[in-house]
Amino acid sequence: MSTHMTPDEEAEFKRRRKGRNTALALVLFFFVFLFYAITFVQFG
Amino acid sequence: MSDSPALYLPTDWRDFLSLTKPRVMSLVIFTGLCGLLAAPGYIHPLIGFVAVLCIAMGAGGAAALNQWWESDLDAGMKRTAKRPIPGGRLRKDDARDFGMILSGASVMIMGVAVNWLAAIILALSIVYYAVVYTIWLKPRTPQNIVIGGGAGAFPPMIGWVAVTGDITLMPVLLFAIIFMWTPPHFWALALFVQIDYAKVGIPMMPVVKGEASTRRQILAYSILLLPIAAAPWFIGGTGAVYGGAAVLLSLVFLALAAPVAMRRAEPGDGMKPEKRLFGFSVLYLFALFAALVADRAFYGQGAFA
């Protein structure tokens, strides 16, 4: 797909992909930590 | 649609976030949290946080499903034309999948971490909003807002049940308050944006039954709201701090609804009474639920016992 993009579009493509990946990583880490904490509270 | 950026660019994460209607969610989180704080019994702060998080995720998921289903209608209305799907920034299927995942995860986490009764009510509220309201009744009846109000009325009940694990009269009353509040709140808005709804064929009350009938019904619900808002005090579920605030706020609500009911809109009159009622109605709900929590704190009940 990227072969049909202008340099500006490609930069935008990469910026958005990076933003989404970062957001998803943060959400995943948040839930890993949350489940870890929930486990301690429930069994504590 | 061939040049829609959604087709060749990854959707910005902010567009996914706006799909959850963060502004509506703030009211959902607030009323859910108030229900949780006012309920009698102990809940570990982390589990309480998870309960409110799940309520917010469920509301966000339902909002995403609502926008997936209504994207064609949204495109035809000025107020909603710039939303992510009609704006061409997000693919419809992505919105559906996002809504499903968010809704499913919220119910499962609520069940596993908090309790299954709260999870079942949360699931009911999501189905109620996304299917019963959005898909089934909204396009079919001018009473759609009355029915839709039920969806927004669930959060304080879920917050309450997250703590107690059972349904009593108090959470039902909290549900009833928001249920009665929604029609005058939304119809006040519908009166000054009615042209939009008419254009896309949604049978909103002012479009179908006319302005005069809508204005009368706004007053009727505002009158009903007064005893229902005060009922938690009458049944001894709260003290006078809440009771006084409920009576006072509901009287102001009524005082603002009366001029809306009595008048007819003239071209170019700015619809000031309607806008004033709509503005106050948002403040009303925040203040009423804040008073509920303040009352519990004052008497050392609920989360403050």
# chains A, B, ... in the order shown; residues from 1 in each chain; ligands from 1

$ residues_around --residues "range 13-28 of chain A" --least-positions-apart "5" --cutoff "9 Å" --atoms "only C-alpha atoms" --output "mmCIF file with N, CA and C atoms, in the first residue's frame"
data_model
loop_
_atom_site.group_PDB
_atom_site.id
_atom_site.type_symbol
_atom_site.label_atom_id
_atom_site.label_comp_id
_atom_site.auth_asym_id
_atom_site.auth_seq_id
_atom_site.Cartn_x
_atom_site.Cartn_y
_atom_site.Cartn_z
ATOM 1 N N SER A 2 1.927 1.174 0.770
ATOM 2 C CA SER A 2 2.692 2.400 0.988
ATOM 3 C C SER A 2 3.374 2.890 -0.295
ATOM 4 N N ASP A 8 4.331 12.618 2.413
ATOM 5 C CA ASP A 8 3.541 13.153 3.535
ATOM 6 C C ASP A 8 2.589 12.107 4.092
ATOM 7 N N PHE A 33 -1.139 -5.405 34.904
ATOM 8 C CA PHE A 33 -0.949 -4.948 36.276
ATOM 9 C C PHE A 33 -2.248 -5.055 37.074
ATOM 10 N N TYR B 8 -7.012 3.810 3.732
ATOM 11 C CA TYR B 8 -5.585 3.563 3.515
ATOM 12 C C TYR B 8 -4.707 4.013 4.681
ATOM 13 N N LEU B 9 -5.287 4.729 5.656
ATOM 14 C CA LEU B 9 -4.492 5.128 6.814
ATOM 15 C C LEU B 9 -5.007 4.411 8.064
ATOM 16 N N PRO B 10 -4.110 3.982 8.956
ATOM 17 C CA PRO B 10 -4.592 3.400 10.209
ATOM 18 C C PRO B 10 -5.346 4.468 10.990
ATOM 19 N N THR B 11 -6.428 4.067 11.641
ATOM 20 C CA THR B 11 -7.211 5.027 12.402
ATOM 21 C C THR B 11 -6.408 5.549 13.586
ATOM 22 N N ASP B 12 -6.472 6.842 13.790
ATOM 23 C CA ASP B 12 -5.804 7.446 14.951
ATOM 24 C C ASP B 12 -6.468 6.920 16.222
ATOM 25 N N TRP B 13 -5.674 6.627 17.251
ATOM 26 C CA TRP B 13 -6.247 6.063 18.483
ATOM 27 C C TRP B 13 -7.255 7.009 19.119
ATOM 28 N N ARG B 14 -7.104 8.302 18.868
ATOM 29 C CA ARG B 14 -8.052 9.271 19.444
ATOM 30 C C ARG B 14 -9.466 9.076 18.880
#

$ closest_residue --among "B:Ala229, B:Thr31, B:Gln67, B:Val50" --to "Phe35 in chain A" --atoms "only C-alpha atoms"
B:Val50

$ select_by_dssp --residues "chain A" --states "alpha helix (DSSP H)" --output "JSON, numbers by chain"
{"A": [7, 8, 9, 10, 11, 12, 13, 14, 15, 16, 17, 18, 19, 20, 21, 22, 23, 24, 25, 26, 27, 28, 29, 30, 31, 32, 33, 34, 35, 36, 37, 38, 39, 40, 41, 42, 43]}

$ atom_distance --atom1 "CA of Gly279 in chain B" --atom2 "CA of Ala212 in chain B"
20.8 Å
